[in-house]
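*Asks:* So here's start_29.csv (CSV, C-alpha atoms (C1' of nucleotides)).
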```
chain,number,residue,atom,x,y,z
U,1,MET,CA,143.3,192.1,112.3
U,2,ARG,CA,142.5,192.2,108.6
U,3,ILE,CA,140.1,190.1,106.6
U,4,GLY,CA,142.6,187.4,105.6
U,5,GLU,CA,143.6,186.7,109.1
U,6,LEU,CA,140.0,186.7,110.4
U,7,ALA,CA,139.0,184.3,107.7
U,8,ALA,CA,141.9,182.0,108.4
U,9,ARG,CA,141.2,182.0,112.2
U,10,ALA,CA,137.5,181.2,111.6
U,11,GLY,CA,138.4,178.5,109.0
U,12,THR,CA,136.6,180.2,106.1
U,13,THR,CA,137.4,182.6,103.2
U,14,THR,CA,137.6,186.3,102.7
U,15,ARG,CA,134.8,186.0,100.1
U,16,THR,CA,132.5,184.6,102.7
U,17,LEU,CA,133.2,187.4,105.1
U,18,ARG,CA,132.5,190.0,102.5
U,19,TYR,CA,129.4,188.2,101.7
U,20,TYR,CA,128.3,188.2,105.3
U,21,GLU,CA,129.0,191.9,105.4
U,22,SER,CA,126.9,192.5,102.3
U,23,ARG,CA,124.1,190.7,104.1
U,24,GLY,CA,124.5,192.9,107.2
U,25,LEU,CA,125.7,190.1,109.5
U,26,LEU,CA,129.2,191.3,109.9
U,27,SER,CA,130.5,194.8,110.1
U,28,ALA,CA,134.0,196.1,109.7
U,29,ARG,CA,136.0,199.2,110.6
U,30,ARG,CA,138.2,200.6,107.9
U,31,THR,CA,141.8,201.6,108.0
U,32,GLY,CA,143.1,204.7,106.2
U,33,ASN,CA,143.8,202.8,103.0
U,34,GLY,CA,140.3,201.2,102.9
U,35,TYR,CA,141.2,197.8,104.4
U,36,ARG,CA,138.7,196.1,106.6
U,37,THR,CA,139.7,195.7,110.3
U,38,TYR,CA,138.3,193.4,112.8
U,39,ASP,CA,138.7,192.6,116.5
U,40,GLU,CA,138.2,189.5,118.7
U,41,SER,CA,134.5,190.2,119.2
U,42,ASP,CA,134.1,189.9,115.4
U,43,LEU,CA,135.8,186.5,115.6
U,44,LEU,CA,133.3,185.3,118.2
U,45,LEU,CA,130.4,186.6,116.1
U,46,LEU,CA,131.8,184.9,113.1
U,47,ARG,CA,132.2,181.6,115.0
U,48,GLN,CA,128.6,181.8,116.1
U,49,ILE,CA,127.5,182.2,112.5
U,50,ARG,CA,129.7,179.3,111.4
U,51,THR,CA,128.5,177.0,114.1
U,52,LEU,CA,124.9,177.6,113.2
U,53,GLN,CA,125.7,177.2,109.5
U,54,ASP,CA,127.3,173.9,110.3
U,55,PHE,CA,124.0,172.9,111.9
U,56,GLY,CA,122.3,173.7,108.6
U,57,PHE,CA,120.8,177.0,109.7
U,58,GLY,CA,120.2,179.5,106.9
U,59,LEU,CA,122.0,182.8,107.0
U,60,GLU,CA,118.9,184.7,107.9
U,61,GLU,CA,118.3,182.3,110.8
U,62,THR,CA,121.7,183.3,112.3
U,63,ARG,CA,120.7,187.0,112.4
U,64,PRO,CA,119.0,186.9,115.9
U,65,PHE,CA,122.1,185.3,117.4
U,66,VAL,CA,124.3,187.9,115.8
U,67,GLU,CA,122.1,190.8,117.0
U,68,CYS,CA,122.0,189.2,120.4
U,69,LEU,CA,125.8,189.2,120.6
U,70,ARG,CA,126.0,192.7,119.2
U,71,ALA,CA,123.6,193.8,122.0
U,72,GLY,CA,126.2,192.8,124.5
U,73,HIS,CA,124.8,189.5,125.6
U,74,PRO,CA,127.3,186.8,126.6
U,75,GLU,CA,126.0,184.2,124.2
U,76,GLY,CA,124.2,184.4,120.9
U,77,ASP,CA,121.3,182.4,122.3
U,78,SER,CA,120.8,184.6,125.4
U,79,CYS,CA,117.9,186.2,123.7
U,80,PRO,CA,114.3,185.0,123.2
U,81,ALA,CA,114.4,185.5,119.5
U,82,SER,CA,117.3,183.0,119.3
U,83,LEU,CA,115.5,180.5,121.4
U,84,GLN,CA,112.5,180.8,119.0
U,85,VAL,CA,114.9,180.0,116.1
U,86,TYR,CA,116.1,176.9,118.0
U,87,ARG,CA,112.6,175.7,118.5
U,88,ARG,CA,111.6,176.3,115.0
U,89,LYS,CA,114.7,174.5,113.8
U,90,LEU,CA,113.9,171.5,116.1
U,91,ASP,CA,110.4,171.3,114.6
U,92,GLU,CA,111.9,171.5,111.1
U,93,LEU,CA,114.4,168.9,111.8
U,94,ASP,CA,111.8,166.5,113.3
U,95,ALA,CA,109.6,167.0,110.3
U,96,LEU,CA,112.5,166.5,107.9
U,97,ILE,CA,113.8,163.4,109.7
U,98,GLY,CA,110.3,162.0,109.7
U,99,GLU,CA,109.9,162.5,106.0
U,100,LEU,CA,113.3,161.1,105.2
U,101,SER,CA,112.6,158.0,107.4
U,102,ALA,CA,109.4,157.5,105.6
U,103,VAL,CA,111.2,157.7,102.2
U,104,ARG,CA,113.9,155.4,103.5
U,105,ALA,CA,111.2,152.8,104.4
U,106,LYS,CA,109.6,153.1,101.0
U,107,VAL,CA,112.8,152.8,99.1
U,108,GLY,CA,113.7,149.8,101.3
U,109,GLU,CA,110.5,148.2,100.4
U,110,GLN,CA,111.0,148.8,96.8
U,111,LEU,CA,114.5,147.3,96.9
U,112,ALA,CA,113.2,144.3,98.8
U,113,ARG,CA,110.4,143.8,96.3
U,114,ALA,CA,112.6,144.2,93.3
U,115,GLU,CA,115.3,141.9,94.7
U,116,SER,CA,112.7,139.2,95.5
U,117,ALA,CA,111.3,139.5,92.0
U,118,ARG,CA,114.7,139.1,90.6
U,119,ASP,CA,115.4,136.1,92.8
U,120,VAL,CA,112.2,134.4,91.7
U,121,LEU,CA,113.2,134.8,88.1
U,122,ALA,CA,116.7,133.5,88.8
U,123,ALA,CA,115.3,130.5,90.6
U,124,ASP,CA,112.8,129.8,87.8
U,125,ALA,CA,115.6,130.0,85.3
U,126,GLY,CA,117.7,127.6,87.4
U,127,VAL,CA,115.2,124.9,88.0
U,128,PRO,CA,115.0,122.5,85.2
U,129,GLY,CA,111.4,121.6,85.7
U,130,GLY,CA,110.4,125.1,86.5
U,131,PRO,CA,108.0,127.4,84.7
U,132,GLU,CA,108.4,128.8,81.2
U,133,PRO,CA,111.5,131.1,80.7
U,134,VAL,CA,110.6,134.7,80.6
U,135,CYS,CA,111.1,136.6,77.3
U,136,GLU,CA,113.2,139.3,78.8
U,137,LEU,CA,115.9,136.9,79.9
U,138,GLY,CA,116.2,135.6,76.4
U,139,GLY,CA,114.7,132.2,75.6
U,140,GLU,CA,116.9,129.2,75.3
U,141,GLN,CA,117.7,128.2,71.8
U,142,PRO,CA,116.6,124.6,71.1
V,1,MET,CA,98.8,162.2,72.9
V,2,ARG,CA,100.4,165.6,72.9
V,3,ILE,CA,102.6,167.2,75.5
V,4,GLY,CA,99.9,169.1,77.4
V,5,GLU,CA,97.8,166.0,77.9
V,6,LEU,CA,100.8,163.9,79.0
V,7,ALA,CA,101.8,166.6,81.5
V,8,ALA,CA,98.3,166.8,82.9
V,9,ARG,CA,98.0,163.0,83.2
V,10,ALA,CA,101.3,162.8,85.0
V,11,GLY,CA,100.4,165.8,87.2
V,12,THR,CA,103.2,167.9,86.0
V,13,THR,CA,103.9,170.7,83.4
V,14,THR,CA,104.9,170.9,79.8
V,15,ARG,CA,108.0,172.7,80.8
V,16,THR,CA,109.1,169.8,82.9
V,17,LEU,CA,108.6,167.3,80.1
V,18,ARG,CA,110.6,169.4,77.7
V,19,TYR,CA,113.3,169.7,80.4
V,20,TYR,CA,113.4,165.9,80.8
V,21,GLU,CA,113.7,165.6,77.0
V,22,SER,CA,116.6,168.0,77.0
V,23,ARG,CA,118.2,165.8,79.6
V,24,GLY,CA,117.7,162.8,77.5
V,25,LEU,CA,115.2,161.1,79.9
V,26,LEU,CA,112.1,161.4,77.8
V,27,SER,CA,111.9,161.1,74.0
V,28,ALA,CA,109.1,162.2,71.7
V,29,ARG,CA,107.9,161.4,68.2
V,30,ARG,CA,106.9,164.4,66.2
V,31,THR,CA,103.8,165.0,64.1
V,32,GLY,CA,103.9,166.8,60.8
V,33,ASN,CA,103.6,170.2,62.3
V,34,GLY,CA,106.4,169.6,64.8
V,35,TYR,CA,104.2,168.8,67.8
V,36,ARG,CA,105.5,166.2,70.2
V,37,THR,CA,103.5,163.0,70.4
V,38,TYR,CA,103.6,160.4,73.2
V,39,ASP,CA,102.0,157.1,74.0
V,40,GLU,CA,101.1,155.1,77.1
V,41,SER,CA,104.6,153.8,77.6
V,42,ASP,CA,105.9,157.3,77.8
V,43,LEU,CA,103.3,157.9,80.6
V,44,LEU,CA,104.6,154.9,82.5
V,45,LEU,CA,108.2,156.2,82.1
V,46,LEU,CA,107.2,159.6,83.2
V,47,ARG,CA,105.4,158.2,86.3
V,48,GLN,CA,108.6,156.3,87.2
V,49,ILE,CA,110.6,159.5,87.0
V,50,ARG,CA,108.1,161.4,89.1
V,51,THR,CA,107.9,158.7,91.7
V,52,LEU,CA,111.6,158.7,92.2
V,53,GLN,CA,111.7,162.5,92.1
V,54,ASP,CA,109.2,162.5,95.0
V,55,PHE,CA,111.6,160.2,96.9
V,56,GLY,CA,114.2,162.9,96.5
V,57,PHE,CA,116.2,161.2,93.8
V,58,GLY,CA,118.1,163.5,91.5
V,59,LEU,CA,117.2,163.4,87.8
V,60,GLU,CA,120.4,161.6,86.9
V,61,GLU,CA,119.6,158.9,89.4
V,62,THR,CA,116.4,158.1,87.6
V,63,ARG,CA,118.2,157.4,84.4
V,64,PRO,CA,118.9,153.7,85.1
V,65,PHE,CA,115.2,153.2,85.8
V,66,VAL,CA,114.3,154.9,82.6
V,67,GLU,CA,116.7,152.9,80.5
V,68,CYS,CA,115.5,149.8,82.2
V,69,LEU,CA,112.0,150.5,81.1
V,70,ARG,CA,113.1,151.5,77.7
V,71,ALA,CA,114.9,148.2,77.4
V,72,GLY,CA,111.6,146.5,77.7
V,73,HIS,CA,111.7,145.4,81.3
V,74,PRO,CA,108.4,145.3,83.1
V,75,GLU,CA,109.5,147.6,85.9
V,76,GLY,CA,112.1,150.4,86.1
V,77,ASP,CA,113.8,148.5,88.9
V,78,SER,CA,114.1,145.2,87.1
V,79,CYS,CA,117.7,145.9,86.3
V,80,PRO,CA,120.8,145.7,88.5
V,81,ALA,CA,121.8,149.3,87.9
V,82,SER,CA,118.5,150.4,89.4
V,83,LEU,CA,119.0,148.2,92.4
V,84,GLN,CA,122.4,149.8,92.9
V,85,VAL,CA,120.8,153.2,92.8
V,86,TYR,CA,118.3,152.0,95.5
V,87,ARG,CA,121.2,150.8,97.7
V,88,ARG,CA,123.2,153.9,97.2
V,89,LYS,CA,120.1,156.0,98.1
V,90,LEU,CA,119.5,154.0,101.2
V,91,ASP,CA,123.1,154.6,102.3
V,92,GLU,CA,122.7,158.3,101.6
V,93,LEU,CA,119.4,158.4,103.5
V,94,ASP,CA,120.9,156.6,106.5
V,95,ALA,CA,123.9,158.9,106.5
V,96,LEU,CA,121.7,162.0,106.2
V,97,ILE,CA,119.2,160.9,108.8
V,98,GLY,CA,122.1,160.2,111.1
V,99,GLU,CA,123.6,163.6,110.6
V,100,LEU,CA,120.3,165.3,111.0
V,101,SER,CA,119.6,163.4,114.2
V,102,ALA,CA,123.0,164.4,115.6
V,103,VAL,CA,122.3,168.0,114.7
V,104,ARG,CA,118.8,167.7,116.3
V,105,ALA,CA,120.4,166.4,119.5
V,106,LYS,CA,122.9,169.2,119.5
V,107,VAL,CA,120.4,171.9,118.9
V,108,GLY,CA,118.2,170.4,121.6
V,109,GLU,CA,121.1,170.5,124.0
V,110,GLN,CA,121.8,174.2,123.1
V,111,LEU,CA,118.1,175.1,123.6
V,112,ALA,CA,118.0,173.3,127.0
V,113,ARG,CA,121.2,175.0,128.1
V,114,ALA,CA,120.1,178.4,127.0
V,115,GLU,CA,116.7,178.0,128.6
V,116,SER,CA,118.2,176.9,131.9
V,117,ALA,CA,120.6,179.8,131.8
V,118,ARG,CA,117.7,182.1,131.2
V,119,ASP,CA,115.7,180.6,134.0
V,120,VAL,CA,118.6,181.0,136.4
V,121,LEU,CA,118.7,184.7,135.6
V,122,ALA,CA,115.0,185.0,136.0
V,123,ALA,CA,115.0,183.3,139.3
V,124,ASP,CA,117.9,185.4,140.5
V,125,ALA,CA,116.0,188.5,139.5
V,126,GLY,CA,112.9,187.4,141.2
V,127,VAL,CA,114.4,186.6,144.6
V,128,PRO,CA,114.7,189.7,146.8
V,129,GLY,CA,117.8,188.4,148.7
V,130,GLY,CA,119.3,187.0,145.6
V,131,PRO,CA,122.5,187.8,143.8
V,132,GLU,CA,123.4,191.1,142.2
V,133,PRO,CA,121.3,192.0,139.2
V,134,VAL,CA,123.0,191.3,135.9
V,135,CYS,CA,123.8,194.3,133.8
V,136,GLU,CA,122.2,192.9,130.6
V,137,LEU,CA,118.8,192.8,132.3
V,138,GLY,CA,119.1,196.5,133.1
V,139,GLY,CA,119.8,197.5,136.6
V,140,GLU,CA,117.0,198.8,138.9
V,141,GLN,CA,117.0,202.5,139.3
V,142,PRO,CA,117.1,203.4,143.0
D,1,DC,C1',162.3,199.6,90.2
D,2,DC,C1',160.1,195.4,90.5
D,3,DT,C1',158.1,191.6,92.5
D,4,DT,C1',155.2,189.5,96.0
D,5,DG,C1',151.3,189.4,98.6
D,6,DC,C1',148.1,191.4,100.7
D,7,DC,C1',143.8,194.2,100.0
D,8,DT,C1',139.6,196.7,97.2
D,9,DT,C1',135.1,196.6,94.2
D,10,DG,C1',132.4,194.5,90.6
D,11,DA,C1',130.4,191.1,88.2
D,12,DC,C1',129.6,186.7,86.4
D,13,DG,C1',129.5,181.3,87.3
D,14,DT,C1',127.9,177.2,90.0
D,15,DC,C1',124.2,173.6,91.1
D,16,DC,C1',119.1,171.9,90.1
D,17,DG,C1',114.7,171.6,88.5
D,18,DC,C1',112.2,173.8,86.8
D,19,DG,C1',109.0,178.9,86.3
D,20,DT,C1',108.2,182.5,83.3
D,21,DC,C1',108.2,185.5,79.5
D,22,DA,C1',108.8,186.5,74.5
D,23,DA,C1',107.6,185.9,69.8
D,24,DG,C1',105.6,183.3,66.8
D,25,DG,C1',103.0,179.0,64.2
D,26,DC,C1',99.0,175.7,63.8
D,27,DT,C1',94.2,174.3,64.3
D,28,DT,C1',89.6,174.8,65.4
D,29,DA,C1',85.4,177.3,66.5
D,30,DC,C1',82.6,181.1,65.7
L,1,DG,C1',88.5,187.1,59.6
L,2,DT,C1',89.7,186.4,64.1
L,3,DA,C1',89.9,184.8,68.6
L,4,DA,C1',91.0,181.0,71.6
L,5,DG,C1',93.8,177.5,72.8
L,6,DC,C1',97.0,174.6,71.8
L,7,DC,C1',102.0,174.1,70.3
L,8,DT,C1',107.3,175.5,69.1
L,9,DT,C1',112.2,177.4,70.5
L,10,DG,C1',115.1,180.5,73.0
L,11,DA,C1',116.5,182.7,76.8
L,12,DC,C1',116.5,184.7,81.3
L,13,DG,C1',115.2,184.2,86.6
L,14,DC,C1',115.2,181.9,91.0
L,15,DG,C1',117.2,180.6,95.6
L,16,DG,C1',121.6,180.0,98.7
L,17,DA,C1',126.0,180.5,99.8
L,18,DC,C1',129.4,181.4,98.1
L,19,DG,C1',133.7,180.5,94.0
L,20,DT,C1',136.3,182.7,90.7
L,21,DC,C1',138.0,186.0,87.7
L,22,DA,C1',139.1,190.9,86.4
L,23,DA,C1',141.4,195.1,87.1
L,24,DG,C1',143.5,197.7,90.1
L,25,DG,C1',145.6,199.9,94.8
L,26,DC,C1',148.8,199.5,98.8
L,27,DA,C1',152.9,198.0,101.5
L,28,DA,C1',157.2,195.7,102.2
L,29,DG,C1',161.4,193.4,100.8
L,30,DG,C1',165.4,192.8,97.7
```
If you took the structure in this file and wrote it as structure tokens, what would it be?

*Replies:*
Amino acid sequence: MRIGELAARAGTTTRTLRYYESRGLLSARRTGNGYRTYDESDLLLLRQIRTLQDFGFGLEETRPFVECLRAGHPEGDSCPASLQVYRRKLDELDALIGELSAVRAKVGEQLARAESARDVLAADAGVPGGPEPVCELGGEQP
Amino acid sequence: MRIGELAARAGTTTRTLRYYESRGLLSARRTGNGYRTYDESDLLLLRQIRTLQDFGFGLEETRPFVECLRAGHPEGDSCPASLQVYRRKLDELDALIGELSAVRAKVGEQLARAESARDVLAADAGVPGGPEPVCELGGEQP
DNA sequence: CCTTGCCTTGACGTCCGCGTCAAGGCTTAC
DNA sequence: GTAAGCCTTGACGCGGACGTCAAGGCAAGG
């Protein structure tokens, strides 16, 4: 099949395939007129790349999987190098999730603090015998 | 103070400050010779931006906080628009953490599956009366 | 013959938050 | 005078994974 069909079958674009080829991840035979030609194994290879991309793997991180498939292994992750990438990714994900959770907690705190501060001001403003009005809310004109 | 001192006191660079200014987040008075001049309130403003940046906020997301401070409020999050940004960020963080957790689970599954497949092959290869050797491991030469 | 729809290479644009270099001006110290 | 150490604007670079446009070739249908 040609590049357009392969792209369509993998749910991506021809530009992407040419980009992968430029990065050495995908190779293509050529027909007489210079058109790229692919077979079913290329589709499997491409699907492997796309799956990992969807997982957030960088292109370079998919390389061991690609080479593993190219070497004739049944799965892209049948090779030790691929398993190493999995493990590294798990560590990265754990670290990232941890950081994001910490940030989430801090932002949550900030929001709670800011809202309670706002509520205090609102309550003060609403209570007739309350404290002095705060300048930023605009003083009541007598 | 001039730009170099402000940058140092905020733990950032002059380039960054000029960039913020170009984005309309930071403003500067000028001395006779064209040098930028800042005061303490600019430092507070800058610290607000930096704190949010450290949280992973985009520059545009810091704008409401900056404008809130500029309007004379005691904190950058004393304004409703800032609280909205907090809430939006919390939602984004929750969504992102959720996605990353899902990916982590899938990658973990893939790793476990690939490792067990590898172990099965290794066990097969190690057992004398086991199954036929698999081609991808290289057949034993008689 | 002409259009349509594939394909080719090459090259620049995108997003973001700056880093880095260039070329020059001001001020202060020696 | 001159060297050091600030400052100015302008402009290009980066990383990642492509999008998009340009200019043209090839094949098939009417």

*Asks:* Using all atoms listed in the file, which chain V residues lie at most 12 Å away from chain L, written as a compact mmCIF listing (two decimals) with C-alpha atoms, in the frame of the given file?

*Replies:*
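Writing done, so here's iface10.txt:
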```txt
# COMPACT_ATOMS: atom_id res chain seq x y z
CA ARG V 2 100.40 165.60 72.90
CA ILE V 3 102.60 167.20 75.50
CA GLY V 4 99.90 169.10 77.40
CA GLU V 5 97.80 166.00 77.90
CA THR V 14 104.90 170.90 79.80
CA ARG V 18 110.60 169.40 77.70
CA ARG V 30 106.90 164.40 66.20
CA THR V 31 103.80 165.00 64.10
CA ASN V 33 103.60 170.20 62.30
CA GLY V 34 106.40 169.60 64.80
CA TYR V 35 104.20 168.80 67.80
CA ARG V 36 105.50 166.20 70.20
CA THR V 37 103.50 163.00 70.40
```

*Asks:* Please identify every residue of chain V that has at least one atom no farther than 8 Å from an atom of chain D, counting only C-alpha atoms (C1' of nucleotides), and for each give the shortest atom pair and the distance in Å to one decimal, arranged by chain then increasing number, as a tab-separated table.

*Replies:*
```
residue	atom	partner	partner_atom	distance
V:Arg15	CA	D:DC18	C1'	7.4
V:Thr16	CA	D:DC18	C1'	6.4
V:Tyr19	CA	D:DC18	C1'	7.7
V:Asn33	CA	D:DC26	C1'	7.3
```

*Asks:* Print the selection's residues with C-alpha atoms to a file, as a short mmCIF file (atom, residue, chain, number, x, y, z; two decimals), keeping the file's coordinate frame.

*Replies:*
```
data_model
loop_
_atom_site.label_atom_id
_atom_site.label_comp_id
_atom_site.auth_asym_id
_atom_site.auth_seq_id
_atom_site.Cartn_x
_atom_site.Cartn_y
_atom_site.Cartn_z
CA ARG V 15 108.00 172.70 80.80
CA THR V 16 109.10 169.80 82.90
CA TYR V 19 113.30 169.70 80.40
CA ASN V 33 103.60 170.20 62.30
#
```

*Asks:* Counting all atoms listed in the file, which residues of chain V fall within 10 Å of chain U, and what is the closest atom pair for each with its distance in Å at one decimal, ordered by chain and rising number, as a tab-separated table?

*Replies:*
```
residue	atom	partner	partner_atom	distance
V:Leu52	CA	U:Val107	CA	9.2
V:Asp54	CA	U:Val103	CA	8.9
V:Phe55	CA	U:Val103	CA	5.9
V:Gly56	CA	U:Val103	CA	8.3
V:Ala71	CA	U:Glu136	CA	9.2
V:Gly72	CA	U:Glu136	CA	7.5
V:His73	CA	U:Glu136	CA	6.8
V:Pro74	CA	U:Glu136	CA	8.8
V:Glu75	CA	U:Ala114	CA	8.7
V:Gly76	CA	U:Ala114	CA	9.5
V:Asp77	CA	U:Ala114	CA	6.3
V:Ser78	CA	U:Ala114	CA	6.5
V:Cys79	CA	U:Arg118	CA	8.6
V:Pro80	CA	U:Glu115	CA	9.1
V:Ser82	CA	U:Leu111	CA	9.0
V:Leu83	CA	U:Leu111	CA	6.4
V:Gln84	CA	U:Leu111	CA	9.2
V:Val85	CA	U:Leu111	CA	9.6
V:Tyr86	CA	U:Leu111	CA	6.2
V:Arg87	CA	U:Leu111	CA	7.6
V:Lys89	CA	U:Val107	CA	8.0
V:Leu90	CA	U:Arg104	CA	6.2
V:Asp91	CA	U:Arg104	CA	9.3
V:Glu92	CA	U:Arg104	CA	9.5
V:Leu93	CA	U:Arg104	CA	6.3
V:Asp94	CA	U:Arg104	CA	7.7
V:Leu96	CA	U:Leu100	CA	8.5
V:Ile97	CA	U:Ile97	CA	6.0
V:Gly98	CA	U:Ile97	CA	9.0
V:Glu99	CA	U:Phe55	CA	9.4
V:Leu100	CA	U:Ile97	CA	6.9
V:Ser101	CA	U:Ile97	CA	7.3
V:Ala102	CA	U:Phe55	CA	9.3
V:Val103	CA	U:Phe55	CA	5.9
V:Arg104	CA	U:Leu90	CA	6.2
V:Ala105	CA	U:Leu90	CA	8.9
V:Lys106	CA	U:Phe55	CA	8.5
V:Val107	CA	U:Tyr86	CA	6.7
V:Gly108	CA	U:Leu90	CA	7.1
V:Gln110	CA	U:Tyr86	CA	8.1
V:Leu111	CA	U:Tyr86	CA	6.2
V:Ala112	CA	U:Leu83	CA	9.5
V:Arg113	CA	U:Asp77	CA	9.4
V:Ala114	CA	U:Asp77	CA	6.3
V:Glu115	CA	U:Leu83	CA	7.7
V:Ala117	CA	U:Ser78	CA	8.0
V:Arg118	CA	U:Ser78	CA	7.0
V:Cys135	CA	U:His73	CA	9.6
V:Glu136	CA	U:His73	CA	6.6
V:Leu137	CA	U:His73	CA	9.6
```

*Asks:* Rounded to one decimal place, report the atom CA of Phe65 of chain V-atom CA of Gln48 of chain V distance in Å.

*Replies:*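 The value is 7.4 Å.
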
*Asks:* So which residues fall inside 8 Å of (131.2, 187.5, 119.6) if we count all atoms listed in the file? Mind giving them as a VMD selection string?

*Replies:* chain U and resid 40 to 48 66 69 to 70 75 to 76

*Asks:* Keeping only C-alpha atoms, take the residues you just selected and write them out as a PDB file, in the frame of the given file.

*Replies:*
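As a result, again33.pdb now contains:
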```pdb
ATOM      1  CA  GLU U  40     138.200 189.500 118.700  1.00  0.00           C
ATOM      2  CA  SER U  41     134.500 190.200 119.200  1.00  0.00           C
ATOM      3  CA  ASP U  42     134.100 189.900 115.400  1.00  0.00           C
ATOM      4  CA  LEU U  43     135.800 186.500 115.600  1.00  0.00           C
ATOM      5  CA  LEU U  44     133.300 185.300 118.200  1.00  0.00           C
ATOM      6  CA  LEU U  45     130.400 186.600 116.100  1.00  0.00           C
ATOM      7  CA  LEU U  46     131.800 184.900 113.100  1.00  0.00           C
ATOM      8  CA  ARG U  47     132.200 181.600 115.000  1.00  0.00           C
ATOM      9  CA  GLN U  48     128.600 181.800 116.100  1.00  0.00           C
ATOM     10  CA  VAL U  66     124.300 187.900 115.800  1.00  0.00           C
ATOM     11  CA  LEU U  69     125.800 189.200 120.600  1.00  0.00           C
ATOM     12  CA  ARG U  70     126.000 192.700 119.200  1.00  0.00           C
ATOM     13  CA  GLU U  75     126.000 184.200 124.200  1.00  0.00           C
ATOM     14  CA  GLY U  76     124.200 184.400 120.900  1.00  0.00           C
TER      15      GLY U  76
END
```

*Asks:* Just how far from atom CA of Tyr20 of chain U is atom CA of Ala95 of chain U, in Å to one decimal?

*Replies:*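 The value is 28.7 Å.
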
*Asks:* Rounded to one decimal place, report the atom CA of Cys68 of chain U-atom CA of Thr13 of chain U distance in Å.

*Replies:*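 Distance reported for this atom pair: 24.0 Å.
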
*Asks:* Just checking: using all atoms listed in the file, which residue out of V:Ala7, V:Ala81, V:Leu17, V:Met1 ends up closest to Arg63 of chain V?

*Replies:*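 Closest residue, counting all atoms listed in the file: V:Ala81.
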
*Asks:* Just write segment 74-89 of chain V with N, CA and C atoms, as an mmCIF file, in the first residue's frame, taken from the block above.

*Replies:*
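Result written to decode36.cif:
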```cif
data_model
loop_
_atom_site.group_PDB
_atom_site.id
_atom_site.type_symbol
_atom_site.label_atom_id
_atom_site.label_comp_id
_atom_site.auth_asym_id
_atom_site.auth_seq_id
_atom_site.Cartn_x
_atom_site.Cartn_y
_atom_site.Cartn_z
ATOM 1 N N PRO V 74 -4.753 43.076 48.475
ATOM 2 C CA PRO V 74 -3.613 42.643 49.282
ATOM 3 C C PRO V 74 -2.940 41.375 48.727
ATOM 4 N N GLU V 75 -3.730 40.495 48.104
ATOM 5 C CA GLU V 75 -3.179 39.263 47.553
ATOM 6 C C GLU V 75 -3.612 39.135 46.090
ATOM 7 N N GLY V 76 -2.823 38.408 45.332
ATOM 8 C CA GLY V 76 -3.170 38.209 43.931
ATOM 9 C C GLY V 76 -4.444 37.404 43.774
ATOM 10 N N ASP V 77 -4.778 36.606 44.792
ATOM 11 C CA ASP V 77 -5.979 35.777 44.696
ATOM 12 C C ASP V 77 -7.147 36.359 45.486
ATOM 13 N N SER V 78 -7.114 37.665 45.691
ATOM 14 C CA SER V 78 -8.232 38.328 46.382
ATOM 15 C C SER V 78 -9.371 38.651 45.428
ATOM 16 N N CYS V 79 -9.236 38.265 44.172
ATOM 17 C CA CYS V 79 -10.258 38.600 43.186
ATOM 18 C C CYS V 79 -10.918 37.342 42.615
ATOM 19 N N PRO V 80 -12.189 37.449 42.278
ATOM 20 C CA PRO V 80 -12.935 36.302 41.733
ATOM 21 C C PRO V 80 -12.269 35.662 40.524
ATOM 22 N N ALA V 81 -11.704 36.477 39.648
ATOM 23 C CA ALA V 81 -11.085 35.927 38.444
ATOM 24 C C ALA V 81 -9.935 34.986 38.801
ATOM 25 N N SER V 82 -9.203 35.349 39.850
ATOM 26 C CA SER V 82 -8.088 34.499 40.280
ATOM 27 C C SER V 82 -8.621 33.181 40.843
ATOM 28 N N LEU V 83 -9.697 33.263 41.603
ATOM 29 C CA LEU V 83 -10.286 32.048 42.170
ATOM 30 C C LEU V 83 -10.759 31.124 41.050
ATOM 31 N N GLN V 84 -11.287 31.738 40.014
ATOM 32 C CA GLN V 84 -11.723 30.944 38.864
ATOM 33 C C GLN V 84 -10.546 30.200 38.240
ATOM 34 N N VAL V 85 -9.425 30.890 38.137
ATOM 35 C CA VAL V 85 -8.231 30.249 37.591
ATOM 36 C C VAL V 85 -7.806 29.091 38.482
ATOM 37 N N TYR V 86 -7.844 29.304 39.784
ATOM 38 C CA TYR V 86 -7.540 28.219 40.732
ATOM 39 C C TYR V 86 -8.438 27.016 40.456
ATOM 40 N N ARG V 87 -9.718 27.275 40.335
ATOM 41 C CA ARG V 87 -10.661 26.161 40.160
ATOM 42 C C ARG V 87 -10.436 25.437 38.848
ATOM 43 N N ARG V 88 -10.210 26.243 37.814
ATOM 44 C CA ARG V 88 -9.959 25.648 36.517
ATOM 45 C C ARG V 88 -8.699 24.786 36.575
ATOM 46 N N LYS V 89 -7.696 25.304 37.276
ATOM 47 C CA LYS V 89 -6.435 24.577 37.385
ATOM 48 C C LYS V 89 -6.635 23.279 38.167
#
```
